[in-house]
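This report refers to the structure that appears directly beneath it.
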Amino acid sequence: MDALSVLRQGPVVPVIIVNDAAVAVDLARALVNGGIKVLEVTLRTKAALAAMRRMRDEVPEAIVGAGTLRNRAQLEAAVDAGAQFGISPGFSGELASAARASNLTLIPGIATPSEAMWAQDEGFNTLKLFPAEAVGGVKLLKSLASPFPDLRFCPTGGIDIKKAPEYLALPNVLAVGGSWLTPDDAIAARDWDRITALAREACQLSAG
């Protein structure tokens with residue numbers, strides 16, 4: 001599945017931080033039950049790789065990817081854990097090379113026009129804008145639309161349910177990334193109904 005296909009599955013990609021792999025399957029099912037199929041598990045915890053593997057094995061309806069990929073070793077470990085796509089906070093030639101070698105769909109992060117040009121030179125036309133709110137958000141994406149008409153984005157960073165519609169109304173935005181669908185307190189309380197409700201609410205959004 002290519003990057004465009006991944007991001008066209010729904011308007012929001014949840015940015016998931018899993019501290020205990022034991023909750024991974026229930027968490028994934030809660031999101032899928034709410035209509036969210038694309039799940040980004042960030043490599044910010046020791047439990048992340050095991051969580052991805054469990055989601056892949058036990059929730060076949062989900063499209064499970066690895067987030068916060070920063071180097072070749074992390075990318076290869078994510079592939080071994082069953083990741084179907086990868087998302088990075090930035091861009092490097094080494095990461096691009098590793099993605100090609102592993103045949104992993106990569107959505108690299110950029111924050112400037114120069115980084116966008118570099119990524120495009122390496123063959124990437126679907127990018128993550130990160131950290132979106134901090135680097136200009138909607139205004140920056142509007143500015144990038146004219147010089148980069150063939151680029152599409154998944155802005156992430158500082159976006160919530162209130163800010164998402166303004167991003168999704170932009171023609172160069174396919175989806176947004178956000179952590180609001182999986183609040184830490186809801187995961188800790190195993191409040192899967194709440195997470196399903198947040199997922200359903202997110203699915204009511206639509207991309208422009």
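Residues are named by chain letter and number: chains run A, B, ... in the order of the structure tokens, numbers start at 1 in each chain, and ligands are numbered from 1 in the order shown.
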Picked from region 5-161 of chain A by DSSP as strand (DSSP E or B), as a PDB file with C-alpha atoms, in the first residue's frame:
ATOM      1  CA  VAL A  12      -7.193  11.214  11.105  1.00  0.00           C
ATOM      2  CA  VAL A  13      -4.152   9.061  11.840  1.00  0.00           C
ATOM      3  CA  PRO A  14      -3.966   8.495  15.602  1.00  0.00           C
ATOM      4  CA  VAL A  15      -0.521   9.010  17.087  1.00  0.00           C
ATOM      5  CA  ILE A  16      -0.414   6.176  19.601  1.00  0.00           C
ATOM      6  CA  VAL A  38      -4.769   3.381  10.066  1.00  0.00           C
ATOM      7  CA  LEU A  39      -2.845   3.209  13.348  1.00  0.00           C
ATOM      8  CA  GLU A  40       0.533   4.860  13.951  1.00  0.00           C
ATOM      9  CA  VAL A  41       2.360   3.334  16.921  1.00  0.00           C
ATOM     10  CA  THR A  42       5.204   5.639  17.859  1.00  0.00           C
ATOM     11  CA  ILE A  63      -3.332  -0.973   8.960  1.00  0.00           C
ATOM     12  CA  VAL A  64      -0.512  -0.742  11.479  1.00  0.00           C
ATOM     13  CA  GLY A  65       2.507   1.486  11.058  1.00  0.00           C
ATOM     14  CA  ALA A  66       5.476   2.743  13.034  1.00  0.00           C
ATOM     15  CA  GLY A  67       5.908   6.382  13.963  1.00  0.00           C
ATOM     16  CA  PHE A  85       4.102   1.771   6.783  1.00  0.00           C
ATOM     17  CA  GLY A  86       6.411   4.179   8.565  1.00  0.00           C
ATOM     18  CA  ILE A  87       6.240   7.838   9.549  1.00  0.00           C
ATOM     19  CA  THR A 105       6.034   2.765   2.604  1.00  0.00           C
ATOM     20  CA  LEU A 106       7.543   5.830   4.300  1.00  0.00           C
ATOM     21  CA  ILE A 107       5.871   9.167   4.997  1.00  0.00           C
ATOM     22  CA  GLY A 109       8.539  14.529   7.990  1.00  0.00           C
ATOM     23  CA  ILE A 110       9.472  17.984   6.742  1.00  0.00           C
ATOM     24  CA  THR A 126       3.444  12.410   0.341  1.00  0.00           C
ATOM     25  CA  LEU A 127       4.900  14.032   3.438  1.00  0.00           C
ATOM     26  CA  LYS A 128       4.262  14.726   7.084  1.00  0.00           C
ATOM     27  CA  LEU A 129       4.419  18.378   8.154  1.00  0.00           C
ATOM     28  CA  ARG A 152       0.353  16.069  -0.310  1.00  0.00           C
ATOM     29  CA  PHE A 153       0.629  16.314   3.451  1.00  0.00           C
ATOM     30  CA  THR A 156       0.903  16.492  12.786  1.00  0.00           C
TER      31      THR A 156
END
Selection: 8 Å around Tyr167 (chain A), only C-alpha atoms, excl. self and same-chain fewer than 3 positions, as a PyMOL selection string | chain A and resi 137-138+155+163-164+170+173+176
Measuring atom to atom with only C-alpha atoms, identify which of A:Leu205, A:Ala21, A:Leu69, A:Leu181 is nearest to Asp193 (chain A).
->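 Under the stated criterion, the closest residue is A:Leu181.
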Arg56 (chain A) surroundings by only C-alpha atoms, 10 Å radius, close-in-sequence under 4 positions cut, as a list in words =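 Close residues of Arg56 (chain A): Ala24, Val25, Ala28, Ala50, Ala51, Met52, Pro60, Glu61, Ala62, Ile63, Val64, Gly65, Ala81, Gly82, Ala83 and Gln84 of chain A.
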Serialized selection, C-alpha atoms, as a JSON list (two decimals), in the first residue's frame:
[["chain", "number", "residue", "atom", "x", "y", "z"],
["A", 24, "ALA", "CA", -2.40, -3.06, 22.32],
["A", 25, "VAL", "CA", -5.09, -5.36, 20.95],
["A", 28, "ALA", "CA", -6.55, -1.20, 18.28],
["A", 50, "ALA", "CA", 5.61, -5.66, 20.70],
["A", 51, "ALA", "CA", 2.41, -3.61, 20.55],
["A", 52, "MET", "CA", 2.68, -3.36, 16.76],
["A", 60, "PRO", "CA", -6.32, -7.82, 10.81],
["A", 61, "GLU", "CA", -8.72, -5.00, 9.92],
["A", 62, "ALA", "CA", -6.14, -2.45, 11.08],
["A", 63, "ILE", "CA", -3.33, -0.97, 8.96],
["A", 64, "VAL", "CA", -0.51, -0.74, 11.48],
["A", 65, "GLY", "CA", 2.51, 1.49, 11.06],
["A", 81, "ALA", "CA", 7.54, -6.21, 13.95],
["A", 82, "GLY", "CA", 5.11, -6.17, 11.03],
["A", 83, "ALA", "CA", 4.82, -2.47, 10.30],
["A", 84, "GLN", "CA", 2.91, -1.81, 7.08]]
Pick out the residues sitting within 8 Å of Leu4 (chain A), and hand them over as a ChimeraX atom specification; count only C-alpha atoms, and ignore anything fewer than 2 positions along from it in its own chain.
-> /A:2,6-8,126,174
Could you turn the residues from that selection into a file that holds C-alpha atoms, as a PDB file, in the first residue's frame?
ATOM      1  CA  ASP A   2       1.489   3.350  -1.028  1.00  0.00           C
ATOM      2  CA  VAL A   6      -2.637   4.844   3.542  1.00  0.00           C
ATOM      3  CA  LEU A   7      -3.675   8.425   4.178  1.00  0.00           C
ATOM      4  CA  ARG A   8      -6.872   8.161   2.154  1.00  0.00           C
ATOM      5  CA  THR A 126       3.444  12.410   0.341  1.00  0.00           C
ATOM      6  CA  LEU A 174      -4.958  14.174   2.943  1.00  0.00           C
TER       7      LEU A 174
END
Name the residues in contact with Ala186 (chain A) at a cut-off of 12 Å, using only C-alpha atoms, excluding same-chain residues fewer than 5 positions from it; report them as a list in words.
-> Val18, Val23, Asp26, Leu27, Ala30, Ser179, Trp180, Leu181, Asp191, Trp192, Asp193, Arg194, Ile195, Thr196, Ala197 and Leu198 of chain A
Keeping only all heavy atoms, write those residues as a compact mmCIF listing (two decimals), in the first residue's frame.
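Saved file again-v2.txt follows:
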# COMPACT_ATOMS: atom_id res chain seq x y z
N VAL A 18 2.18 3.62 23.35
CA VAL A 18 1.81 2.44 24.12
C VAL A 18 2.91 2.13 25.13
O VAL A 18 4.05 1.84 24.75
CB VAL A 18 1.59 1.21 23.21
CG1 VAL A 18 1.17 0.01 24.05
CG2 VAL A 18 0.55 1.50 22.15
N VAL A 23 -2.12 -3.89 26.36
CA VAL A 23 -3.35 -3.18 26.00
C VAL A 23 -3.47 -2.98 24.49
O VAL A 23 -4.48 -2.46 24.01
CB VAL A 23 -3.42 -1.79 26.69
CG1 VAL A 23 -3.25 -1.92 28.19
CG2 VAL A 23 -2.40 -0.82 26.11
N ASP A 26 -6.71 -4.48 22.54
CA ASP A 26 -7.96 -3.80 22.91
C ASP A 26 -7.98 -2.36 22.40
O ASP A 26 -9.02 -1.87 21.94
CB ASP A 26 -8.13 -3.81 24.43
CG ASP A 26 -8.49 -5.18 24.97
OD1 ASP A 26 -9.03 -6.01 24.20
OD2 ASP A 26 -8.25 -5.43 26.17
N LEU A 27 -6.84 -1.70 22.45
CA LEU A 27 -6.75 -0.33 21.96
C LEU A 27 -6.99 -0.28 20.45
O LEU A 27 -7.76 0.56 19.96
CB LEU A 27 -5.37 0.23 22.31
CG LEU A 27 -5.03 1.63 21.78
CD1 LEU A 27 -6.06 2.66 22.22
CD2 LEU A 27 -3.64 2.04 22.25
N ALA A 30 -10.63 -0.88 19.71
CA ALA A 30 -11.46 0.28 20.05
C ALA A 30 -11.43 1.31 18.93
O ALA A 30 -12.46 1.89 18.57
CB ALA A 30 -10.99 0.89 21.36
N SER A 179 -2.87 12.97 18.62
CA SER A 179 -2.83 12.07 19.77
C SER A 179 -4.11 12.13 20.60
O SER A 179 -4.25 11.39 21.57
CB SER A 179 -1.63 12.40 20.66
OG SER A 179 -1.68 13.75 21.08
N TRP A 180 -5.05 13.00 20.20
CA TRP A 180 -6.23 13.19 21.04
C TRP A 180 -7.17 11.97 21.02
O TRP A 180 -8.01 11.83 21.90
CB TRP A 180 -6.98 14.46 20.63
CG TRP A 180 -7.90 14.34 19.45
CD1 TRP A 180 -9.21 13.92 19.47
CD2 TRP A 180 -7.61 14.63 18.07
NE1 TRP A 180 -9.74 13.93 18.20
CE2 TRP A 180 -8.78 14.37 17.32
CE3 TRP A 180 -6.47 15.08 17.40
CZ2 TRP A 180 -8.83 14.55 15.95
CZ3 TRP A 180 -6.53 15.27 16.04
CH2 TRP A 180 -7.70 15.01 15.32
N LEU A 181 -7.02 11.09 20.05
CA LEU A 181 -7.89 9.92 19.99
C LEU A 181 -7.55 8.87 21.04
O LEU A 181 -8.38 8.01 21.35
CB LEU A 181 -7.83 9.26 18.60
CG LEU A 181 -8.72 9.84 17.51
CD1 LEU A 181 -8.22 11.20 17.09
CD2 LEU A 181 -8.78 8.91 16.31
N ASP A 191 -10.56 2.45 29.20
CA ASP A 191 -11.86 3.00 28.80
C ASP A 191 -11.96 2.96 27.29
O ASP A 191 -11.87 3.97 26.59
CB ASP A 191 -12.00 4.44 29.32
CG ASP A 191 -13.41 4.99 29.16
OD1 ASP A 191 -14.22 4.32 28.47
OD2 ASP A 191 -13.69 6.08 29.69
N TRP A 192 -12.18 1.76 26.77
CA TRP A 192 -12.20 1.56 25.31
C TRP A 192 -13.41 2.21 24.67
O TRP A 192 -13.34 2.64 23.51
CB TRP A 192 -12.12 0.07 25.00
CG TRP A 192 -11.00 -0.62 25.72
CD1 TRP A 192 -11.08 -1.75 26.48
CD2 TRP A 192 -9.61 -0.24 25.74
NE1 TRP A 192 -9.84 -2.09 26.99
CE2 TRP A 192 -8.92 -1.18 26.54
CE3 TRP A 192 -8.88 0.81 25.18
CZ2 TRP A 192 -7.54 -1.10 26.79
CZ3 TRP A 192 -7.51 0.90 25.42
CH2 TRP A 192 -6.87 -0.05 26.21
N ASP A 193 -14.52 2.29 25.39
CA ASP A 193 -15.71 2.94 24.84
C ASP A 193 -15.44 4.42 24.55
O ASP A 193 -15.91 4.96 23.55
CB ASP A 193 -16.89 2.81 25.81
CG ASP A 193 -17.45 1.41 25.87
OD1 ASP A 193 -17.16 0.61 24.95
OD2 ASP A 193 -18.17 1.10 26.83
N ARG A 194 -14.69 5.05 25.44
CA ARG A 194 -14.35 6.46 25.22
C ARG A 194 -13.49 6.63 23.96
O ARG A 194 -13.71 7.53 23.16
CB ARG A 194 -13.63 7.02 26.44
CG ARG A 194 -13.21 8.48 26.30
CD ARG A 194 -12.45 8.94 27.51
NE ARG A 194 -11.80 10.24 27.29
CZ ARG A 194 -10.83 10.72 28.06
NH1 ARG A 194 -10.39 10.01 29.09
NH2 ARG A 194 -10.28 11.88 27.79
N ILE A 195 -12.53 5.74 23.79
CA ILE A 195 -11.65 5.81 22.62
C ILE A 195 -12.43 5.54 21.34
O ILE A 195 -12.23 6.20 20.32
CB ILE A 195 -10.45 4.87 22.80
CG1 ILE A 195 -9.52 5.44 23.88
CG2 ILE A 195 -9.69 4.66 21.48
CD1 ILE A 195 -8.37 4.55 24.26
N THR A 196 -13.35 4.59 21.39
CA THR A 196 -14.21 4.33 20.23
C THR A 196 -15.05 5.56 19.90
O THR A 196 -15.22 5.91 18.72
CB THR A 196 -15.11 3.12 20.49
OG1 THR A 196 -14.30 1.94 20.62
CG2 THR A 196 -16.10 2.90 19.34
N ALA A 197 -15.56 6.23 20.93
CA ALA A 197 -16.37 7.44 20.70
C ALA A 197 -15.52 8.55 20.07
O ALA A 197 -15.98 9.26 19.16
CB ALA A 197 -16.97 7.91 22.01
N LEU A 198 -14.28 8.70 20.54
CA LEU A 198 -13.39 9.71 19.95
C LEU A 198 -13.07 9.38 18.49
O LEU A 198 -12.97 10.26 17.63
CB LEU A 198 -12.10 9.80 20.78
CG LEU A 198 -12.23 10.42 22.16
CD1 LEU A 198 -10.96 10.22 22.97
CD2 LEU A 198 -12.57 11.91 22.06
